[in-house]
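Shown next: my_file.pdb, containing PDB, C-alpha atoms.
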```
MODEL        1
ATOM      1  CA  MET A1476     104.845 106.998  71.461
ATOM      2  CA  ASN A1477     102.914 105.301  68.675
ATOM      3  CA  GLU A1478     101.356 108.277  66.826
ATOM      4  CA  LYS A1479      98.394 106.282  65.486
ATOM      5  CA  ILE A1480      97.458 105.123  68.995
ATOM      6  CA  LYS A1481      98.092 108.600  70.415
ATOM      7  CA  LYS A1482      95.666 110.152  67.909
ATOM      8  CA  LEU A1483      93.110 107.438  68.592
ATOM      9  CA  TYR A1484      93.018 108.234  72.320
ATOM     10  CA  ASN A1485      93.418 112.026  72.190
ATOM     11  CA  PRO A1486      91.130 113.425  73.398
ATOM     12  CA  MET A1487      90.177 110.489  75.548
ATOM     13  CA  THR A1488      86.651 109.392  76.446
ATOM     14  CA  GLU A1489      85.746 109.411  80.127
ATOM     15  CA  THR A1490      85.432 105.642  79.995
ATOM     16  CA  ALA A1491      88.955 105.209  78.620
ATOM     17  CA  PHE A1492      90.330 107.739  81.101
ATOM     18  CA  TYR A1493      88.827 106.040  84.133
ATOM     19  CA  ILE A1494      89.810 102.560  82.989
ATOM     20  CA  LEU A1495      93.458 103.576  82.476
ATOM     21  CA  PHE A1496      93.461 105.571  85.713
ATOM     22  CA  CYS A1497      92.126 102.595  87.682
ATOM     23  CA  LEU A1498      94.624 100.226  86.084
ATOM     24  CA  LYS A1499      97.550 101.994  87.716
ATOM     25  CA  GLU A1500      97.013  99.047  90.047
ATOM     26  CA  GLU A1501      96.095  95.495  89.026
ATOM     27  CA  MET A1502      92.343  95.126  88.690
ATOM     28  CA  HIS A1503      89.581  93.301  86.829
ATOM     29  CA  GLY A1504      86.642  94.831  84.990
ATOM     30  CA  TYR A1505      84.074  94.523  87.759
ATOM     31  CA  ASN A1506      86.409  96.204  90.269
ATOM     32  CA  ILE A1507      87.097  99.016  87.788
ATOM     33  CA  GLY A1508      83.359  99.610  87.422
ATOM     34  CA  GLN A1509      82.884  99.731  91.196
ATOM     35  CA  LYS A1510      85.832 102.078  91.706
ATOM     36  CA  VAL A1511      84.616 104.449  88.967
ATOM     37  CA  LYS A1512      81.133 104.585  90.514
ATOM     38  CA  LYS A1513      82.660 105.405  93.886
ATOM     39  CA  MET A1514      85.109 108.002  92.484
ATOM     40  CA  THR A1515      82.352 109.798  90.574
ATOM     41  CA  GLY A1516      79.664 109.597  93.238
ATOM     42  CA  GLY A1517      77.647 107.323  90.962
ATOM     43  CA  GLU A1518      77.619 109.817  88.077
ATOM     44  CA  ILE A1519      79.509 107.449  85.791
ATOM     45  CA  ALA A1520      78.601 103.796  85.514
ATOM     46  CA  ILE A1521      80.427 101.766  82.879
ATOM     47  CA  SER A1522      78.183  99.021  81.511
ATOM     48  CA  PRO A1523      79.666  95.516  81.239
ATOM     49  CA  GLY A1524      79.534  95.622  77.431
ATOM     50  CA  THR A1525      81.405  98.934  77.319
ATOM     51  CA  MET A1526      83.870  97.792  79.971
ATOM     52  CA  TYR A1527      84.844  94.536  78.326
ATOM     53  CA  GLY A1528      84.871  96.010  74.827
ATOM     54  CA  SER A1529      87.159  98.798  76.061
ATOM     55  CA  LEU A1530      89.460  96.409  77.921
ATOM     56  CA  SER A1531      89.774  94.226  74.833
ATOM     57  CA  LYS A1532      90.541  97.194  72.568
ATOM     58  CA  MET A1533      93.013  98.730  75.018
ATOM     59  CA  GLU A1534      94.815  95.413  75.368
ATOM     60  CA  LYS A1535      94.998  95.076  71.576
ATOM     61  CA  ASP A1536      96.306  98.676  71.332
ATOM     62  CA  GLY A1537      98.993  97.963  73.960
ATOM     63  CA  LEU A1538      97.673 100.362  76.631
ATOM     64  CA  ILE A1539      97.017  97.606  79.152
ATOM     65  CA  ARG A1540      98.195  94.057  79.557
ATOM     66  CA  PHE A1541      96.696  90.884  80.970
ATOM     67  CA  VAL A1542      98.377  89.869  84.230
ATOM     68  CA  ARG A1543      96.559  86.746  85.375
ATOM     69  CA  GLU A1544      93.159  85.180  85.900
ATOM     70  CA  GLU A1545      91.517  84.948  89.333
ATOM     71  CA  ALA A1546      88.211  83.149  89.820
ATOM     72  CA  LYS A1547      87.521  83.411  86.067
ATOM     73  CA  ARG A1548      88.188  87.166  86.099
ATOM     74  CA  LYS A1549      90.965  88.658  84.000
ATOM     75  CA  ILE A1550      93.284  90.986  85.891
ATOM     76  CA  TYR A1551      94.903  93.829  83.920
ATOM     77  CA  ILE A1552      97.436  96.593  84.527
ATOM     78  CA  ILE A1553      98.404  99.692  82.569
ATOM     79  CA  THR A1554     101.496  99.512  80.320
ATOM     80  CA  GLU A1555     104.194 102.122  79.744
ATOM     81  CA  LEU A1556     102.373 103.249  76.575
ATOM     82  CA  GLY A1557      99.109 103.448  78.528
ATOM     83  CA  ASN A1558     100.813 105.618  81.157
ATOM     84  CA  GLU A1559     102.168 107.948  78.465
ATOM     85  CA  ILE A1560      98.713 108.342  76.943
ATOM     86  CA  LEU A1561      97.112 108.844  80.374
ATOM     87  CA  ASP A1562      99.719 111.490  81.273
ATOM     88  CA  THR A1563      99.041 113.297  77.986
ATOM     89  CA  GLU A1564      95.324 113.326  78.786
ATOM     90  CA  LEU A1565      95.906 114.548  82.336
ATOM     91  CA  LYS A1566      97.988 117.447  80.981
ATOM     92  CA  ARG A1567      95.206 118.258  78.499
ATOM     93  CA  ILE A1568      92.607 118.274  81.292
ATOM     94  CA  GLU A1569      94.835 120.436  83.501
ATOM     95  CA  ARG A1570      95.300 122.905  80.621
ATOM     96  CA  LEU A1571      91.538 123.056  80.063
ATOM     97  CA  TYR A1572      91.001 123.700  83.766
ATOM     98  CA  ARG A1573      93.643 126.447  83.887
ATOM     99  CA  ASN A1574      92.174 128.080  80.788
ATOM    100  CA  SER A1575      88.669 127.967  82.246
ATOM    101  CA  LYS A1576      89.979 129.876  85.277
ATOM    102  CA  GLY A1577      91.644 132.520  83.105
ATOM    103  CA  GLU A1578      95.138 131.255  83.927
ATOM    104  CA  GLU A1579      97.780 130.895  81.262
TER     105      GLU A1579
ENDMDL
END
```

Full structure transcribed into structure tokens:
Amino acid sequence: MNEKIKKLYNPMTETAFYILFCLKEEMHGYNIGQKVKKMTGGEIAISPGTMYGSLSKMEKDGLIRFVREEAKRKIYIITELGNEILDTELKRIERLYRNSKGEE
């Protein structure tokens, strides 16, 4: 895994986490925002500026890739590198949870 990119996304912001998590299936920015709102019971709402800035940066960093355009909306999906970084973050979150419960 690209060490520079790994360090950049570790630990990951909630925004980055949810975007990568949602892009396990093909999706555009508006759909990601709606799915995140639903998943978090409305606690997290990603603004359009944050969403599209994050998508652009993640695409540049190789975490996601453009698939196609539908009705002027860009559809993205997570890449292999994005999956590796997401898996690393999930393991970090799981470790934090275990530690908070007094598990080793």

Q. So which one's closest to Thr1490 (chain A), A:Ser1531, A:Asn1477, A:Ser1522, A:Ser1575? Using all atoms listed in the file, please.
A. A:Ser1522

(Q) Can you spell out as a count of residues only the set of residues that the PyMOL selection byres ((chain A and resi 1563-1567) around 12) selects in the structure I just provided? (A) 29

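Taking CA of Phe1541 (chain A) and CA of Glu1478 (chain A) as the two end points, the separation is 22.9 Å.
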
Assuming the chain letters and numbering stay as they are in my file, what does the PyMOL selection byres ((chain A and resi 1527-1529) around 10) actually select? List them as an mmCIF file with C-alpha atoms, in the frame of the given file.
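Ended up saving to out.cif:
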```cif
data_model
loop_
_atom_site.group_PDB
_atom_site.id
_atom_site.type_symbol
_atom_site.label_atom_id
_atom_site.label_comp_id
_atom_site.auth_asym_id
_atom_site.auth_seq_id
_atom_site.Cartn_x
_atom_site.Cartn_y
_atom_site.Cartn_z
ATOM 1 C CA THR A 1490 85.432 105.642 79.995
ATOM 2 C CA ALA A 1491 88.955 105.209 78.620
ATOM 3 C CA ILE A 1494 89.810 102.560 82.989
ATOM 4 C CA HIS A 1503 89.581 93.301 86.829
ATOM 5 C CA GLY A 1504 86.642 94.831 84.990
ATOM 6 C CA TYR A 1505 84.074 94.523 87.759
ATOM 7 C CA ILE A 1521 80.427 101.766 82.879
ATOM 8 C CA SER A 1522 78.183 99.021 81.511
ATOM 9 C CA PRO A 1523 79.666 95.516 81.239
ATOM 10 C CA GLY A 1524 79.534 95.622 77.431
ATOM 11 C CA THR A 1525 81.405 98.934 77.319
ATOM 12 C CA MET A 1526 83.870 97.792 79.971
ATOM 13 C CA LEU A 1530 89.460 96.409 77.921
ATOM 14 C CA SER A 1531 89.774 94.226 74.833
ATOM 15 C CA LYS A 1532 90.541 97.194 72.568
ATOM 16 C CA MET A 1533 93.013 98.730 75.018
ATOM 17 C CA GLU A 1534 94.815 95.413 75.368
ATOM 18 C CA LYS A 1535 94.998 95.076 71.576
#
```

Q. What is the CA of Thr1515 (chain A) to CA of Ala1546 (chain A) distance in Å?
A. 27.3 Å

Q: Using the chain letters and residue numbers of this document, give as an NGL selection string the residues selected by the PyMOL selection byres ((chain A and resi 1551) around 10).
A: :A and (1495 or 1497-1504 or 1530 or 1534 or 1539-1544 or 1548-1550 or 1552-1554)

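One distance worth recording is that between CA of Ala1520 (chain A) and CA of Leu1538 (chain A), which is 21.3 Å.
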